[in-house]
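One structure is given here, and the rest of the page talks about it.
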Amino acid sequence: MNWNKRILRTCSYAAVVAFVLSAGGCPTIDPNVPDDSSEDDIIFSNDNILAVANAPTAATQFTIDRAYRVTSIRNYHWNDGEGTAGPGTIALRAADNTLIGTWSCTALDGQNDTPNAYWLCTPYVDIPAGTYTIEDSDTATWSNNTESGNAGISIVRGTPIEDATAPAAADDIIFSNDNILAVANAPTAATQFTIDHAYRVTSIRNYHWNDGEGTAGPGTIALRAADNTLIGTWSCTALDGQNDTPNAYWLCTPYVDIPAGTYTIEDSDTATWSNNTESGNAGISIVRGTPIEDATAPAAADDIIFSNDNVLAVSNAPTAATQFTIDRSYRVTSIRDYHWNNGQGTAGPGTIALRAADNTLIGTWTCMALDGQNDTPNAYWLCTPYVDIPAGTYTIEDSDTATWSNNSESDNAGISIVRGAPI
């Protein structure tokens, strides 16, 4: 850990001077500052301990010479000691103006309990070598100074990957119909694959050759289960293809857990999606992931952060909030809610959200659904947030409380299991 930096960020200027002169005087490390001991690389940082002003006058940009998986972006909003009312969003844009993604943030208090001074998002998006601009939804309170080049103060972390045109090469190829034959546009067959055990899908890459014209920019890729349940829709980043064909590869990094079954890949621009006889006239795609033990309780190696799951009879409509408290930071990898609904289950999954004690919405995630006991349809709602949260108390919210199961053993709170990895 960079102890000096953590100590200096926490203290007032006077305390810093006293500390430097006397080798003491800085009482504590700020527990709300995201942990600098992270094993992820610092891809970019213009963080510093000088006084700051609001409203950057220069773009916050960084250049990388190899591909990275961006795991977190943290922006600073001191705002003259007033902080912010709550976190907004952080976005990342490529040099060709392609929007890589926009992510909802969680907020962490700063020095002297400045409310919501740190905005933190955890994208888990793979980007190739190049120049990128960080964007913030509230530039009026985004901190900057001469030391940052008058750009918004930010720290970007990630892990190097081998090749962002085929990311996470160590991951299994779950499905591929990629080939080197000539291609046409507009697939006439569905792009489907079947897996015989659970996987964490880490990337999906679709090919848009489009007669050598490529595309104006990337759209979205979606994944649908055999029962027509939409697993998720993800914004893509675009990578140029052969002969510099613009935006020929559309790449998304879902980090979603799916059980054994058959799945269909969907693309928002089928008119330019490449296919050929070798692909069975289905859209050309590569899906990568890592095997997991059980997608009804995914990533079993992860800690159970919270569980009020039990085997007693349940009823609908919880009368108490579903809350949990953690005494250290965690990366939340999955949340699973139970919807028995008198054996009727649900028509399909909705969303699960997580809210901090100060009412900050951490995020809302679209779920996949898994059948329950006696083939109860869509009884388990499962989302895989991959969001980092500090120590504190959190409330789980469910978009269909009328069918959310509870009982006296759960203290009449909605039954849920939250898993994650300590950070």
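Naming scheme: A, B, ... for chains in displayed order of the structure tokens; residues 1 onward per chain; ligands 1 onward as shown.
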I want to know what sits within 7 Å of Gly283 (chain A), based on only C-alpha atoms, with residues of the same chain fewer than 6 positions away left out; could you give that as a PDB file with N, CA and C atoms, in the first residue's frame?
```
ATOM      1  N   PRO A 187     -27.659 -12.315 -41.277  1.00  0.00           N
ATOM      2  CA  PRO A 187     -27.830 -13.756 -41.036  1.00  0.00           C
ATOM      3  C   PRO A 187     -29.274 -14.200 -41.233  1.00  0.00           C
ATOM      4  N   THR A 191     -28.156 -17.317 -34.128  1.00  0.00           N
ATOM      5  CA  THR A 191     -26.832 -17.650 -33.602  1.00  0.00           C
ATOM      6  C   THR A 191     -27.031 -18.235 -32.209  1.00  0.00           C
ATOM      7  N   TRP A 273     -24.390  -7.622 -39.696  1.00  0.00           N
ATOM      8  CA  TRP A 273     -23.748  -8.742 -38.976  1.00  0.00           C
ATOM      9  C   TRP A 273     -23.308  -9.783 -40.005  1.00  0.00           C
ATOM     10  N   SER A 274     -22.065 -10.173 -39.949  1.00  0.00           N
ATOM     11  CA  SER A 274     -21.495 -11.082 -40.944  1.00  0.00           C
ATOM     12  C   SER A 274     -21.935 -12.528 -40.722  1.00  0.00           C
ATOM     13  N   ASN A 275     -22.066 -13.252 -41.831  1.00  0.00           N
ATOM     14  CA  ASN A 275     -22.376 -14.686 -41.787  1.00  0.00           C
ATOM     15  C   ASN A 275     -21.926 -15.330 -43.081  1.00  0.00           C
TER      16      ASN A 275
END
```
Strand (DSSP E) call set, DSSP backbone run, region 79-282 of chain A, as an NGL selection string | :A and (89-94 or 99-104 or 106-108 or 118-121 or 125-127 or 130-136 or 154-160 or 172-176 or 191-195 or 199-207 or 220-225 or 230-235 or 237-239 or 249-252 or 256-258 or 261-267)
Could those residues be written to a file, using C-alpha atoms, as a tab-separated table (two decimals), in the first residue's frame?
```
chain	number	residue	atom	x	y	z
A	89	THR	CA	-22.22	8.42	-13.80
A	90	ILE	CA	-18.74	8.03	-15.26
A	91	ALA	CA	-18.20	7.26	-18.93
A	92	LEU	CA	-15.25	6.31	-21.10
A	93	ARG	CA	-14.82	7.44	-24.71
A	94	ALA	CA	-12.31	6.23	-27.30
A	99	LEU	CA	-18.64	5.64	-26.28
A	100	ILE	CA	-17.23	2.61	-24.49
A	101	GLY	CA	-19.84	2.72	-21.74
A	102	THR	CA	-21.56	4.78	-19.07
A	103	TRP	CA	-21.59	3.37	-15.54
A	104	SER	CA	-23.58	4.28	-12.45
A	106	THR	CA	-21.33	4.47	-5.79
A	107	ALA	CA	-20.27	7.41	-3.61
A	108	LEU	CA	-17.77	7.50	-0.75
A	118	TYR	CA	-15.46	10.08	-4.36
A	119	TRP	CA	-17.47	8.68	-7.25
A	120	LEU	CA	-16.54	5.06	-7.96
A	121	CYS	CA	-17.63	2.78	-10.80
A	125	VAL	CA	-14.74	-3.56	-19.71
A	126	ASP	CA	-11.90	-4.60	-22.00
A	127	ILE	CA	-10.20	-1.87	-24.05
A	130	GLY	CA	-5.22	3.68	-27.51
A	131	THR	CA	-6.22	7.04	-26.04
A	132	TYR	CA	-9.33	7.41	-23.89
A	133	THR	CA	-11.25	10.28	-22.32
A	134	ILE	CA	-12.96	9.99	-18.94
A	135	GLU	CA	-16.30	11.78	-18.73
A	136	ASP	CA	-18.22	12.74	-15.60
A	154	SER	CA	-9.34	10.52	-11.55
A	155	ILE	CA	-7.76	7.14	-10.88
A	156	VAL	CA	-8.27	4.27	-13.35
A	157	ARG	CA	-7.36	0.71	-12.39
A	158	GLY	CA	-7.30	-2.51	-14.38
A	159	THR	CA	-5.56	-5.73	-15.30
A	160	PRO	CA	-3.58	-6.30	-18.50
A	172	ASP	CA	-12.62	-20.92	-22.41
A	173	ILE	CA	-14.16	-20.49	-25.83
A	174	ILE	CA	-17.76	-21.39	-24.98
A	175	PHE	CA	-18.88	-20.92	-28.57
A	176	SER	CA	-17.33	-19.89	-31.87
A	191	THR	CA	-26.83	-17.65	-33.60
A	192	GLN	CA	-27.26	-20.26	-30.88
A	193	PHE	CA	-25.07	-22.33	-28.61
A	194	THR	CA	-25.63	-25.00	-25.99
A	195	ILE	CA	-23.58	-25.56	-22.82
A	199	TYR	CA	-20.43	-20.62	-17.17
A	200	ARG	CA	-19.54	-17.05	-16.32
A	201	VAL	CA	-19.69	-15.29	-19.71
A	202	THR	CA	-16.81	-12.82	-19.83
A	203	SER	CA	-16.99	-11.62	-23.43
A	204	ILE	CA	-19.05	-11.80	-26.62
A	205	ARG	CA	-17.59	-10.57	-29.89
A	206	ASN	CA	-19.65	-10.19	-33.09
A	207	TYR	CA	-18.24	-9.55	-36.56
A	220	THR	CA	-25.48	-3.70	-28.33
A	221	ILE	CA	-25.25	-7.46	-27.97
A	222	ALA	CA	-27.86	-9.42	-26.04
A	223	LEU	CA	-28.19	-12.99	-24.77
A	224	ARG	CA	-31.51	-14.85	-24.57
A	225	ALA	CA	-32.30	-18.18	-22.91
A	230	LEU	CA	-33.56	-11.99	-21.80
A	231	ILE	CA	-30.34	-12.57	-19.85
A	232	GLY	CA	-29.04	-9.08	-20.58
A	233	THR	CA	-28.23	-6.45	-23.19
A	234	TRP	CA	-24.74	-4.94	-23.15
A	235	SER	CA	-23.24	-1.88	-24.81
A	237	THR	CA	-16.86	-1.25	-27.72
A	238	ALA	CA	-15.76	-1.38	-31.37
A	239	LEU	CA	-12.45	-2.55	-32.80
A	249	TYR	CA	-15.64	-6.14	-34.24
A	250	TRP	CA	-18.31	-5.42	-31.61
A	251	LEU	CA	-17.19	-6.49	-28.16
A	252	CYS	CA	-19.07	-6.63	-24.87
A	256	VAL	CA	-22.98	-12.82	-16.29
A	257	ASP	CA	-23.46	-16.35	-14.94
A	258	ILE	CA	-25.63	-18.75	-16.94
A	261	GLY	CA	-28.85	-24.74	-21.53
A	262	THR	CA	-29.29	-23.25	-24.99
A	263	TYR	CA	-28.79	-19.55	-25.66
A	264	THR	CA	-29.30	-17.17	-28.57
A	265	ILE	CA	-26.97	-14.25	-29.29
A	266	GLU	CA	-28.74	-11.11	-30.53
A	267	ASP	CA	-27.18	-8.11	-32.26
```
Could you name the residues that touch Ser405 (chain A) at 9 Å or less, counting only C-alpha atoms, but leaving out those on the same chain fewer than 5 positions away, as a compact mmCIF listing (two decimals) with C-alpha atoms, in the first residue's frame?
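Contents of the output file around.txt:
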```
# COMPACT_ATOMS: atom_id res chain seq x y z
CA VAL A 314 -42.64 -18.99 2.74
CA SER A 315 -45.24 -16.35 1.95
CA ASN A 316 -45.22 -13.36 -0.40
CA ALA A 317 -44.62 -9.64 0.10
CA PRO A 318 -41.92 -9.00 2.75
CA ASP A 337 -33.71 -13.45 -4.70
CA TYR A 338 -36.35 -16.13 -4.20
CA HIS A 339 -39.85 -15.89 -5.73
CA TRP A 340 -41.78 -19.07 -4.82
CA ASN A 341 -45.13 -17.28 -5.11
CA ASN A 412 -40.11 -11.24 7.27
CA ALA A 413 -37.47 -9.77 4.95
CA GLY A 414 -37.18 -10.88 1.32
CA ILE A 415 -35.12 -14.06 1.02
CA SER A 416 -31.81 -13.40 -0.69
```
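Minimum atom-to-atom distances from A:Asp400, A:Glu278, A:Asp303, A:Asp178 to Thr346 (chain A) were compared using only C-alpha atoms, and the lowest value belongs to A:Asp400.
Between CA of Asp40 (chain A) and CA of Trp365 (chain A) the separation is 24.5 Å.
The shortest atom-to-atom distance to Ala184 (chain A), with only C-alpha atoms taken into account, belongs to A:Gly280 out of A:Pro218, A:Pro87, A:Gly280, A:Gly348.
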